[in-house]
$ cat target-v8.json   # JSON, C-alpha atoms
[["chain", "number", "residue", "atom", "x", "y", "z"],
["A", 1, "SER", "CA", 35.84, 14.81, -9.10],
["A", 2, "MET", "CA", 32.20, 14.89, -7.99],
["A", 3, "PRO", "CA", 32.01, 15.68, -4.25],
["A", 4, "TYR", "CA", 29.12, 14.22, -2.28],
["A", 5, "VAL", "CA", 27.20, 16.48, 0.08],
["A", 6, "ASN", "CA", 24.79, 15.15, 2.67],
["A", 7, "ILE", "CA", 21.76, 17.33, 2.05],
["A", 8, "ASP", "CA", 20.22, 17.00, 5.51],
["A", 9, "ASP", "CA", 23.42, 17.84, 7.40],
["A", 10, "THR", "CA", 24.30, 20.66, 5.01],
["A", 11, "ALA", "CA", 20.82, 22.18, 5.25],
["A", 12, "LEU", "CA", 21.05, 22.16, 9.04],
["A", 13, "LEU", "CA", 24.47, 23.86, 8.98],
["A", 14, "VAL", "CA", 23.29, 26.51, 6.51],
["A", 15, "GLU", "CA", 20.18, 27.22, 8.58],
["A", 16, "ARG", "CA", 22.16, 27.58, 11.81],
["A", 17, "THR", "CA", 24.73, 29.83, 10.17],
["A", 18, "ASP", "CA", 22.03, 32.07, 8.71],
["A", 19, "ASN", "CA", 20.30, 32.26, 12.09],
["A", 20, "ILE", "CA", 23.55, 33.34, 13.74],
["A", 21, "ALA", "CA", 24.08, 35.96, 11.05],
["A", 22, "ALA", "CA", 20.53, 37.25, 11.46],
["A", 23, "HIS", "CA", 20.92, 37.46, 15.24],
["A", 24, "TYR", "CA", 24.25, 39.30, 14.93],
["A", 25, "ASP", "CA", 22.71, 41.67, 12.40],
["A", 26, "ALA", "CA", 19.75, 42.45, 14.65],
["A", 27, "VAL", "CA", 21.72, 42.87, 17.87],
["A", 28, "TYR", "CA", 25.04, 44.40, 16.89],
["A", 29, "LEU", "CA", 24.53, 46.07, 13.51],
["A", 30, "ARG", "CA", 21.07, 47.59, 13.85],
["A", 31, "ASN", "CA", 22.46, 51.04, 14.68],
["A", 32, "LEU", "CA", 25.22, 50.88, 12.09],
["A", 33, "ASP", "CA", 25.10, 51.40, 8.37],
["A", 34, "ALA", "CA", 25.97, 47.75, 7.78],
["A", 35, "GLU", "CA", 24.26, 44.44, 7.26],
["A", 36, "MET", "CA", 25.40, 40.89, 7.89],
["A", 37, "SER", "CA", 25.31, 38.72, 4.77],
["A", 38, "GLN", "CA", 23.88, 35.22, 4.76],
["A", 39, "LEU", "CA", 26.10, 32.25, 4.06],
["A", 40, "THR", "CA", 27.29, 32.00, 0.47],
["A", 41, "GLY", "CA", 29.26, 29.48, -1.54],
["A", 42, "GLY", "CA", 28.74, 25.86, -2.47],
["A", 43, "PRO", "CA", 26.54, 24.59, 0.40],
["A", 44, "PRO", "CA", 23.78, 27.25, 0.10],
["A", 45, "VAL", "CA", 23.74, 26.83, -3.68],
["A", 46, "THR", "CA", 23.46, 23.06, -3.28],
["A", 47, "ILE", "CA", 20.57, 23.45, -0.85],
["A", 48, "ALA", "CA", 18.78, 25.90, -3.16],
["A", 49, "ILE", "CA", 19.17, 23.52, -6.11],
["A", 50, "ASN", "CA", 17.89, 20.61, -4.02],
["A", 51, "GLU", "CA", 14.84, 22.59, -2.90],
["A", 52, "GLY", "CA", 14.07, 23.43, -6.51],
["A", 53, "ILE", "CA", 14.39, 19.76, -7.45],
["A", 54, "GLN", "CA", 12.05, 18.69, -4.66],
["A", 55, "ASN", "CA", 9.45, 21.26, -5.68],
["A", 56, "THR", "CA", 9.38, 20.06, -9.28],
["A", 57, "GLN", "CA", 10.15, 16.34, -8.98],
["A", 58, "TYR", "CA", 6.79, 15.22, -7.69],
["A", 59, "LYS", "CA", 5.02, 17.28, -10.34],
["A", 60, "THR", "CA", 7.21, 15.67, -13.00],
["A", 61, "ILE", "CA", 6.49, 12.17, -11.67],
["A", 62, "GLY", "CA", 2.76, 12.91, -11.58],
["A", 63, "LEU", "CA", 2.79, 14.16, -15.16],
["A", 64, "SER", "CA", 4.81, 11.13, -16.27],
["A", 65, "LEU", "CA", 2.32, 8.76, -14.65],
["A", 66, "VAL", "CA", -0.62, 10.48, -16.32],
["A", 67, "LEU", "CA", 1.08, 10.30, -19.72],
["A", 68, "VAL", "CA", 1.94, 6.63, -19.23],
["A", 69, "LEU", "CA", -1.64, 5.80, -18.23],
["A", 70, "VAL", "CA", -3.07, 7.61, -21.26],
["A", 71, "THR", "CA", -0.52, 5.91, -23.51],
["A", 72, "MET", "CA", -1.39, 2.46, -22.14],
["A", 73, "ILE", "CA", -5.10, 3.04, -22.71],
["A", 74, "LEU", "CA", -4.48, 4.20, -26.27],
["A", 75, "ILE", "CA", -2.09, 1.36, -27.10],
["A", 76, "PHE", "CA", -4.33, -1.41, -25.78],
["A", 77, "ARG", "CA", -7.49, 0.44, -26.83],
["A", 78, "SER", "CA", -8.99, -0.60, -23.53],
["A", 79, "LEU", "CA", -9.48, 1.29, -20.30],
["A", 80, "ARG", "CA", -9.41, -1.99, -18.40],
["A", 81, "PHE", "CA", -6.14, -3.34, -19.82],
["A", 82, "GLY", "CA", -4.51, 0.09, -19.78],
["A", 83, "PHE", "CA", -5.28, 0.75, -16.12],
["A", 84, "ILE", "CA", -4.32, -2.73, -14.89],
["A", 85, "THR", "CA", -1.02, -2.54, -16.80],
["A", 86, "PHE", "CA", -0.42, 0.83, -15.17],
["A", 87, "LEU", "CA", -1.09, -0.35, -11.60],
["A", 88, "PRO", "CA", 2.25, -2.16, -10.92],
["A", 89, "ILE", "CA", 4.41, 0.81, -11.89],
["A", 90, "LEU", "CA", 2.14, 3.12, -9.89],
["A", 91, "ILE", "CA", 2.72, 1.00, -6.79],
["A", 92, "VAL", "CA", 6.49, 0.99, -7.39],
["A", 93, "VAL", "CA", 6.52, 4.78, -7.69],
["A", 94, "LEU", "CA", 4.56, 5.03, -4.43],
["A", 95, "TRP", "CA", 7.30, 2.94, -2.81],
["A", 96, "TYR", "CA", 9.96, 5.29, -4.19],
["A", 97, "PRO", "CA", 10.07, 7.82, -1.27],
["A", 98, "ALA", "CA", 10.06, 5.01, 1.32],
["A", 99, "THR", "CA", 12.88, 3.24, -0.53],
["A", 100, "VAL", "CA", 14.94, 6.44, -0.58],
["A", 101, "HIS", "CA", 14.42, 6.95, 3.15],
["A", 102, "THR", "CA", 15.04, 3.31, 4.07],
["A", 103, "GLY", "CA", 18.29, 3.33, 2.10],
["A", 104, "GLY", "CA", 19.66, 6.08, 4.33],
["A", 105, "THR", "CA", 19.81, 8.68, 1.58],
["A", 106, "ASN", "CA", 17.57, 11.59, 0.61],
["A", 107, "LEU", "CA", 16.07, 13.27, -2.41],
["A", 108, "ASN", "CA", 18.97, 15.06, -4.09],
["A", 109, "ILE", "CA", 20.24, 15.92, -7.54],
["A", 110, "PHE", "CA", 21.11, 12.25, -8.14],
["A", 111, "THR", "CA", 18.16, 10.37, -6.66],
["A", 112, "ALA", "CA", 15.54, 12.86, -7.90],
["A", 113, "MET", "CA", 15.85, 11.53, -11.44],
["A", 114, "VAL", "CA", 15.17, 7.93, -10.45],
["A", 115, "GLY", "CA", 11.40, 8.34, -10.23],
["A", 116, "THR", "CA", 10.86, 9.20, -13.88],
["A", 117, "ILE", "CA", 13.57, 6.79, -15.04],
["A", 118, "ILE", "CA", 11.97, 3.84, -13.27],
["A", 119, "ILE", "CA", 8.60, 4.62, -14.86],
["A", 120, "GLY", "CA", 10.14, 4.23, -18.31],
["A", 121, "ILE", "CA", 12.10, 1.10, -17.42],
["A", 122, "GLY", "CA", 9.54, -0.65, -15.23],
["A", 123, "ILE", "CA", 6.49, -0.27, -17.46],
["A", 124, "ASP", "CA", 8.08, -2.55, -20.08],
["A", 125, "ASN", "CA", 7.65, -5.62, -17.88],
["A", 126, "SER", "CA", 3.95, -4.96, -17.37],
["A", 127, "ILE", "CA", 3.42, -4.34, -21.08],
["A", 128, "GLN", "CA", 4.94, -7.70, -22.01],
["A", 129, "ILE", "CA", 2.82, -9.58, -19.48],
["A", 130, "THR", "CA", -0.36, -7.78, -20.50],
["A", 131, "GLU", "CA", 0.23, -8.36, -24.21],
["A", 132, "ARG", "CA", 0.61, -12.08, -23.58],
["A", 133, "VAL", "CA", -2.50, -12.14, -21.37],
["A", 134, "ARG", "CA", -4.48, -10.54, -24.17],
["A", 135, "GLU", "CA", -3.32, -13.27, -26.54],
["A", 136, "GLU", "CA", -3.99, -16.15, -24.14],
["A", 137, "GLY", "CA", -7.15, -14.75, -22.56],
["A", 138, "THR", "CA", -7.98, -13.44, -19.10],
["A", 139, "ARG", "CA", -9.23, -16.77, -17.77],
["A", 140, "PRO", "CA", -7.00, -18.49, -15.16],
["A", 141, "GLU", "CA", -5.54, -20.89, -17.75],
["A", 142, "GLY", "CA", -4.63, -18.05, -20.08],
["A", 143, "ILE", "CA", -3.05, -16.02, -17.29],
["A", 144, "ARG", "CA", -0.98, -19.01, -16.20],
["A", 145, "ARG", "CA", 0.27, -19.66, -19.74],
["A", 146, "ALA", "CA", 1.05, -15.97, -20.20],
["A", 147, "VAL", "CA", 3.27, -15.91, -17.11],
["A", 148, "GLU", "CA", 4.93, -19.22, -17.99],
["A", 149, "HIS", "CA", 5.78, -18.18, -21.54],
["A", 150, "THR", "CA", 6.67, -14.52, -20.91],
["A", 151, "GLY", "CA", 7.94, -14.55, -17.33],
["A", 152, "GLN", "CA", 11.34, -16.00, -18.19],
["A", 153, "SER", "CA", 12.10, -13.41, -20.87],
["A", 154, "VAL", "CA", 10.94, -10.60, -18.55],
["A", 155, "VAL", "CA", 13.20, -11.86, -15.76],
["A", 156, "GLU", "CA", 16.17, -12.23, -18.10],
["A", 157, "ALA", "CA", 15.74, -8.75, -19.57],
["A", 158, "THR", "CA", 15.36, -7.17, -16.13],
["A", 159, "PHE", "CA", 18.41, -8.87, -14.67],
["A", 160, "THR", "CA", 20.42, -7.82, -17.72],
["A", 161, "THR", "CA", 19.45, -4.21, -17.02],
["A", 162, "MET", "CA", 20.27, -4.61, -13.34],
["A", 163, "GLY", "CA", 23.65, -6.11, -14.21],
["A", 164, "GLY", "CA", 24.53, -3.14, -16.39],
["A", 165, "VAL", "CA", 23.58, -0.68, -13.66],
["A", 166, "LEU", "CA", 25.48, -2.76, -11.10],
["A", 167, "ALA", "CA", 28.69, -1.91, -12.94],
["A", 168, "GLY", "CA", 28.18, 1.71, -11.84],
["A", 169, "VAL", "CA", 27.82, 0.60, -8.23],
["A", 170, "ILE", "CA", 31.03, -1.45, -8.41],
["A", 171, "ILE", "CA", 32.99, 1.46, -9.88],
["A", 172, "SER", "CA", 31.66, 3.84, -7.22],
["A", 173, "LEU", "CA", 32.91, 1.51, -4.47],
["A", 174, "PHE", "CA", 36.48, 2.35, -5.45],
["A", 175, "ARG", "CA", 35.87, 6.08, -5.89],
["A", 176, "THR", "CA", 34.84, 7.90, -2.72],
["A", 177, "GLN", "CA", 33.77, 11.00, -4.66],
["A", 178, "PHE", "CA", 31.07, 8.94, -6.41],
["A", 179, "ILE", "CA", 28.96, 8.25, -3.32],
["A", 180, "GLY", "CA", 26.03, 10.17, -4.79],
["A", 181, "LEU", "CA", 26.13, 8.09, -7.97],
["A", 182, "ARG", "CA", 26.38, 4.93, -5.86],
["A", 183, "ASN", "CA", 23.07, 5.78, -4.21],
["A", 184, "PHE", "CA", 21.61, 6.62, -7.61],
["A", 185, "PHE", "CA", 22.58, 3.27, -9.16],
["A", 186, "ALA", "CA", 21.59, 1.26, -6.08],
["A", 187, "LEU", "CA", 18.18, 2.92, -6.02],
["A", 188, "ILE", "CA", 17.60, 2.13, -9.70],
["A", 189, "ILE", "CA", 18.50, -1.54, -9.14],
["A", 190, "THR", "CA", 16.15, -1.78, -6.17],
["A", 191, "LEU", "CA", 13.19, -0.20, -7.94],
["A", 192, "VAL", "CA", 13.77, -2.19, -11.13],
["A", 193, "LEU", "CA", 13.64, -5.33, -9.01],
["A", 194, "PHE", "CA", 10.41, -4.10, -7.43],
["A", 195, "SER", "CA", 8.91, -3.50, -10.87],
["A", 196, "LEU", "CA", 9.87, -7.03, -11.91],
["A", 197, "LEU", "CA", 8.22, -8.57, -8.86],
["A", 198, "MET", "CA", 5.09, -6.50, -9.37],
["A", 199, "ALA", "CA", 4.86, -7.46, -13.04],
["A", 200, "VAL", "CA", 5.44, -11.19, -12.52],
["A", 201, "PHE", "CA", 3.45, -11.71, -9.31],
["A", 202, "ALA", "CA", 1.06, -8.80, -8.74],
["A", 203, "LEU", "CA", -0.07, -8.14, -12.31],
["A", 204, "PRO", "CA", -1.34, -11.71, -12.90],
["A", 205, "SER", "CA", -3.15, -11.44, -9.56],
["A", 206, "PHE", "CA", -4.87, -8.28, -10.78],
["A", 207, "TYR", "CA", -6.04, -10.09, -13.91],
["A", 208, "GLN", "CA", -7.18, -13.04, -11.82],
["A", 209, "ALA", "CA", -9.19, -10.69, -9.60],
["A", 210, "LEU", "CA", -10.61, -8.98, -12.68],
["A", 211, "HIS", "CA", -11.75, -12.31, -14.08],
["A", 212, "HIS", "CA", -13.19, -13.45, -10.75],
["A", 213, "TYR", "CA", -15.21, -10.34, -9.99],
["A", 214, "GLY", "CA", -16.07, -9.73, -13.63],
["A", 215, "ASP", "CA", -17.53, -13.21, -13.85],
["A", 216, "LYS", "CA", -19.21, -12.94, -10.46],
["A", 217, "PHE", "CA", -20.96, -9.67, -11.22],
["A", 218, "SER", "CA", -21.55, -10.19, -14.91],
["A", 219, "PRO", "CA", -25.03, -9.15, -16.14],
["A", 220, "ARG", "CA", -25.82, -12.70, -17.24],
["A", 221, "ARG", "CA", -25.13, -14.16, -13.81],
["A", 222, "LEU", "CA", -27.08, -11.41, -12.08],
["A", 223, "LYS", "CA", -30.07, -12.15, -14.29],
["A", 224, "VAL", "CA", -29.87, -15.85, -13.45],
["A", 225, "LYS", "CA", -29.80, -15.06, -9.74],
["A", 226, "ARG", "CA", -32.82, -12.78, -10.02],
["A", 227, "LYS", "CA", -34.80, -15.51, -11.79],
["A", 228, "SER", "CA", -34.04, -17.99, -9.08]]
$ encode --input "target-v8.json" --output "C-alpha coordinates"
Amino acid sequence: SMPYVNIDDTALLVERTDNIAAHYDAVYLRNLDAEMSQLTGGPPVTIAINEGIQNTQYKTIGLSLVLVLVTMILIFRSLRFGFITFLPILIVVLWYPATVHTGGTNLNIFTAMVGTIIIGIGIDNSIQITERVREEGTRPEGIRRAVEHTGQSVVEATFTTMGGVLAGVIISLFRTQFIGLRNFFALIITLVLFSLLMAVFALPSFYQALHHYGDKFSPRRLKVKRKS
(Lines of atoms letter the chains of each structure in order from A and count residues from 1; the text may use other names and numbers.)
(Lines give C-alpha, C1' and ligand atoms only; values in the text may rest on other atoms or scores of the structure.)
Protein backbone atom coordinates (compact mmCIF):
# COMPACT_ATOMS: atom_id res chain seq x y z
CA SER A 1 0.00 0.00 0.00
CA MET A 2 0.98 3.65 -0.42
CA PRO A 3 -0.45 5.71 2.47
CA TYR A 4 -1.36 9.32 1.78
CA VAL A 5 -0.25 11.99 4.24
CA ASN A 6 -1.62 15.51 4.19
CA ILE A 7 1.58 17.54 4.33
CA ASP A 8 0.06 20.70 5.82
CA ASP A 9 -1.75 18.92 8.65
CA THR A 10 1.21 16.66 9.36
CA ALA A 11 3.65 19.58 9.45
CA LEU A 12 1.42 21.38 11.94
CA LEU A 13 1.21 18.31 14.19
CA VAL A 14 4.97 17.76 14.07
CA GLU A 15 5.65 21.41 14.88
CA ARG A 16 3.26 21.42 17.84
CA THR A 17 4.69 18.17 19.19
CA ASP A 18 8.25 19.47 18.94
CA ASN A 19 7.23 22.70 20.68
CA ILE A 20 5.69 20.74 23.54
CA ALA A 21 8.84 18.62 23.81
CA ALA A 22 11.04 21.72 23.82
CA HIS A 23 8.92 23.36 26.51
CA TYR A 24 8.98 20.22 28.68
CA ASP A 25 12.73 19.96 28.21
CA ALA A 26 13.30 23.59 29.22
CA VAL A 27 10.96 23.57 32.22
CA TYR A 28 11.19 20.11 33.74
CA LEU A 29 14.48 18.61 32.56
CA ARG A 30 16.84 21.58 32.72
CA ASN A 31 18.24 20.52 36.10
CA LEU A 32 18.40 16.84 35.23
CA ASP A 33 20.89 14.92 33.16
CA ALA A 34 18.26 14.22 30.53
CA GLU A 35 16.92 15.69 27.34
CA MET A 36 13.55 15.39 25.64
CA SER A 37 13.78 14.02 22.11
CA GLN A 38 11.90 15.54 19.20
CA LEU A 39 9.23 13.57 17.41
CA THR A 40 10.55 10.69 15.32
CA GLY A 41 9.03 8.20 12.92
CA GLY A 42 7.20 8.48 9.63
CA PRO A 43 5.63 11.97 9.88
CA PRO A 44 8.86 13.89 10.64
CA VAL A 45 10.69 11.97 7.91
CA THR A 46 7.90 12.77 5.45
CA ILE A 47 8.06 16.46 6.34
CA ALA A 48 11.86 16.51 5.99
CA ILE A 49 11.63 14.85 2.56
CA ASN A 50 8.94 17.30 1.46
CA GLU A 51 11.02 20.29 2.57
CA GLY A 52 13.97 18.95 0.59
CA ILE A 53 11.74 18.52 -2.46
CA GLN A 54 10.42 22.07 -2.18
CA ASN A 55 13.93 23.49 -1.88
CA THR A 56 15.11 21.76 -5.06
CA GLN A 57 11.97 21.61 -7.20
CA TYR A 58 11.88 25.24 -8.24
CA LYS A 59 15.58 25.15 -9.08
CA THR A 60 14.98 22.04 -11.20
CA ILE A 61 12.06 23.67 -13.01
CA GLY A 62 14.11 26.79 -13.65
CA LEU A 63 16.99 24.77 -15.06
CA SER A 64 14.60 22.76 -17.23
CA LEU A 65 13.07 25.93 -18.64
CA VAL A 66 16.47 27.37 -19.48
CA LEU A 67 17.52 24.16 -21.23
CA VAL A 68 14.26 24.03 -23.19
CA LEU A 69 14.64 27.65 -24.29
CA VAL A 70 18.23 27.09 -25.43
CA THR A 71 17.18 23.91 -27.24
CA MET A 72 14.33 25.69 -29.04
CA ILE A 73 16.64 28.47 -30.20
CA LEU A 74 19.19 25.96 -31.47
CA ILE A 75 16.61 23.76 -33.21
CA PHE A 76 14.86 26.61 -35.02
CA ARG A 77 18.11 28.55 -35.43
CA SER A 78 16.17 31.65 -34.53
CA LEU A 79 15.92 33.59 -31.29
CA ARG A 80 12.50 34.84 -32.34
CA PHE A 81 10.93 31.45 -33.12
CA GLY A 82 12.65 29.78 -30.18
CA PHE A 83 11.42 32.30 -27.63
CA ILE A 84 7.84 32.46 -28.95
CA THR A 85 7.64 28.65 -28.97
CA PHE A 86 8.88 28.69 -25.39
CA LEU A 87 6.32 31.26 -24.14
CA PRO A 88 3.24 28.96 -23.87
CA ILE A 89 4.97 26.36 -21.73
CA LEU A 90 6.47 29.11 -19.58
CA ILE A 91 2.98 30.45 -18.88
CA VAL A 92 1.71 26.95 -18.05
CA VAL A 93 4.56 26.43 -15.59
CA LEU A 94 3.76 29.77 -13.97
CA TRP A 95 0.19 28.51 -13.50
CA TYR A 96 1.50 25.32 -11.88
CA PRO A 97 1.63 26.54 -8.22
CA ALA A 98 -1.81 28.16 -8.51
CA THR A 99 -3.24 24.97 -10.01
CA VAL A 100 -1.81 22.91 -7.15
CA HIS A 101 -3.31 25.28 -4.57
CA THR A 102 -6.68 25.56 -6.32
CA GLY A 103 -6.95 21.78 -6.51
CA GLY A 104 -6.81 21.55 -2.72
CA THR A 105 -3.50 19.73 -2.63
CA ASN A 106 0.08 20.84 -1.95
CA LEU A 107 3.60 20.37 -3.20
CA ASN A 108 4.56 16.87 -2.09
CA ILE A 109 6.57 13.90 -3.29
CA PHE A 110 3.92 13.18 -5.94
CA THR A 111 3.01 16.62 -7.27
CA ALA A 112 6.59 17.96 -7.18
CA MET A 113 7.48 15.94 -10.27
CA VAL A 114 4.65 17.38 -12.36
CA GLY A 115 6.43 20.64 -13.16
CA THR A 116 9.31 19.08 -15.07
CA ILE A 117 7.08 16.40 -16.61
CA ILE A 118 4.68 18.96 -18.05
CA ILE A 119 7.56 20.89 -19.62
CA GLY A 120 8.54 17.81 -21.60
CA ILE A 121 4.98 16.91 -22.58
CA GLY A 122 3.61 20.39 -23.22
CA ILE A 123 6.42 21.75 -25.37
CA ASP A 124 5.59 19.24 -28.12
CA ASN A 125 2.35 21.05 -28.99
CA SER A 126 4.11 24.38 -29.40
CA ILE A 127 6.85 22.81 -31.52
CA GLN A 128 4.32 21.34 -33.97
CA ILE A 129 2.48 24.64 -34.34
CA THR A 130 5.69 26.62 -34.78
CA GLU A 131 7.09 24.22 -37.36
CA ARG A 132 3.93 24.58 -39.42
CA VAL A 133 3.98 28.37 -39.06
CA ARG A 134 7.53 28.42 -40.38
CA GLU A 135 6.40 26.44 -43.43
CA GLU A 136 3.30 28.54 -44.11
CA GLY A 137 4.77 31.91 -43.15
CA THR A 138 4.12 34.32 -40.29
CA ARG A 139 1.54 36.38 -42.15
CA PRO A 140 -2.09 36.03 -40.96
CA GLU A 141 -2.99 33.65 -43.81
CA GLY A 142 -0.05 31.40 -43.04
CA ILE A 143 -0.82 31.35 -39.32
CA ARG A 144 -4.45 30.45 -40.03
CA ARG A 145 -3.47 27.59 -42.35
CA ALA A 146 -0.92 26.34 -39.82
CA VAL A 147 -3.55 26.10 -37.08
CA GLU A 148 -6.12 24.53 -39.41
CA HIS A 149 -3.76 21.84 -40.68
CA THR A 150 -1.88 21.09 -37.44
CA GLY A 151 -4.44 21.91 -34.76
CA GLN A 152 -6.44 18.72 -35.21
CA SER A 153 -3.42 16.43 -34.88
CA VAL A 154 -2.22 18.37 -31.82
CA VAL A 155 -5.64 18.05 -30.17
CA GLU A 156 -5.87 14.34 -30.96
CA ALA A 157 -2.38 13.61 -29.63
CA THR A 158 -3.01 15.60 -26.45
CA PHE A 159 -6.34 13.95 -25.70
CA THR A 160 -4.74 10.55 -26.27
CA THR A 161 -2.15 11.41 -23.63
CA MET A 162 -4.84 12.70 -21.28
CA GLY A 163 -6.86 9.52 -21.79
CA GLY A 164 -3.91 7.35 -20.83
CA VAL A 165 -3.27 9.37 -17.68
CA LEU A 166 -6.99 9.31 -16.87
CA ALA A 167 -6.72 5.55 -16.41
CA GLY A 168 -4.55 6.22 -13.36
CA VAL A 169 -7.20 8.54 -11.93
CA ILE A 170 -9.92 5.92 -12.43
CA ILE A 171 -7.86 3.22 -10.71
CA SER A 172 -7.09 5.53 -7.79
CA LEU A 173 -10.81 6.14 -7.23
CA PHE A 174 -11.19 2.53 -6.12
CA ARG A 175 -8.03 2.47 -4.00
CA THR A 176 -8.06 4.84 -1.04
CA GLN A 177 -4.31 4.44 -0.48
CA PHE A 178 -3.65 5.98 -3.90
CA ILE A 179 -4.97 9.46 -3.09
CA GLY A 180 -1.53 10.98 -3.65
CA LEU A 181 -1.29 9.41 -7.10
CA ARG A 182 -4.81 10.61 -7.87
CA ASN A 183 -3.73 14.20 -7.29
CA PHE A 184 -0.60 13.55 -9.36
CA PHE A 185 -2.54 12.23 -12.37
CA ALA A 186 -5.27 14.87 -12.12
CA LEU A 187 -2.66 17.63 -12.03
CA ILE A 188 -0.93 16.25 -15.12
CA ILE A 189 -4.24 16.12 -17.03
CA THR A 190 -5.07 19.70 -16.06
CA LEU A 191 -1.69 21.11 -17.05
CA VAL A 192 -1.57 19.12 -20.29
CA LEU A 193 -4.95 20.64 -21.16
CA PHE A 194 -3.57 24.09 -20.34
CA SER A 195 -0.59 23.49 -22.61
CA LEU A 196 -2.93 22.45 -25.43
CA LEU A 197 -5.02 25.59 -25.07
CA MET A 198 -1.93 27.78 -24.98
CA ALA A 199 -0.47 26.13 -28.08
CA VAL A 200 -3.67 26.25 -30.14
CA PHE A 201 -4.98 29.67 -29.10
CA ALA A 202 -2.21 31.72 -27.49
CA LEU A 203 0.74 30.73 -29.69
CA PRO A 204 -0.94 31.82 -32.96
CA SER A 205 -1.83 35.09 -31.22
CA PHE A 206 1.83 35.61 -30.36
CA TYR A 207 2.79 35.11 -34.00
CA GLN A 208 0.00 37.45 -35.09
CA ALA A 209 1.29 40.10 -32.68
CA LEU A 210 4.84 39.51 -33.92
CA HIS A 211 3.74 40.05 -37.51
CA HIS A 212 1.68 43.13 -36.64
CA TYR A 213 4.33 44.94 -34.64
CA GLY A 214 7.16 43.69 -36.83
CA ASP A 215 5.43 45.13 -39.87
CA LYS A 216 4.45 48.31 -38.05
CA PHE A 217 7.94 49.09 -36.83
CA SER A 218 9.89 47.69 -39.75
CA PRO A 219 12.79 49.88 -40.94
CA ARG A 220 11.22 50.30 -44.38
CA ARG A 221 7.97 51.66 -42.97
CA LEU A 222 9.79 53.96 -40.58
CA LYS A 223 11.78 55.39 -43.48
CA VAL A 224 8.58 56.00 -45.45
CA LYS A 225 7.05 57.83 -42.51
CA ARG A 226 10.11 60.02 -42.09
CA LYS A 227 10.00 61.01 -45.76
CA SER A 228 6.39 62.02 -45.50
$ residues_around --input "target-v8.json" --residues "stretch 144-161 of chain A" --least-positions-apart "6" --cutoff "12 Å" --atoms "all atoms listed in the file" --output "ChimeraX atom specification"
/A:118,121-138,167-168,185,188-205,207-208
$ atom_distance --input "target-v8.json" --atom1 "atom CA of A:Gly120" --atom2 "atom CA of A:Ile89"
9.3 Å
$ atom_distance --input "target-v8.json" --atom1 "atom CA of A:Ile119" --atom2 "atom CA of A:Leu63"
11.2 Å
$ atom_distance --input "target-v8.json" --atom1 "atom CA of A:Thr102" --atom2 "atom CA of A:Val68"
26.9 Å
$ closest_residue --input "target-v8.json" --among "A:Asn183, A:Asn19, A:Thr116, A:Ser172" --to "A:Ser64" --atoms "all atoms listed in the file"
A:Thr116
$ closest_residue --input "target-v8.json" --among "A:Val45, A:Ala98, A:Arg80, A:Met113" --to "A:Tyr58" --atoms "all atoms listed in the file"
A:Met113
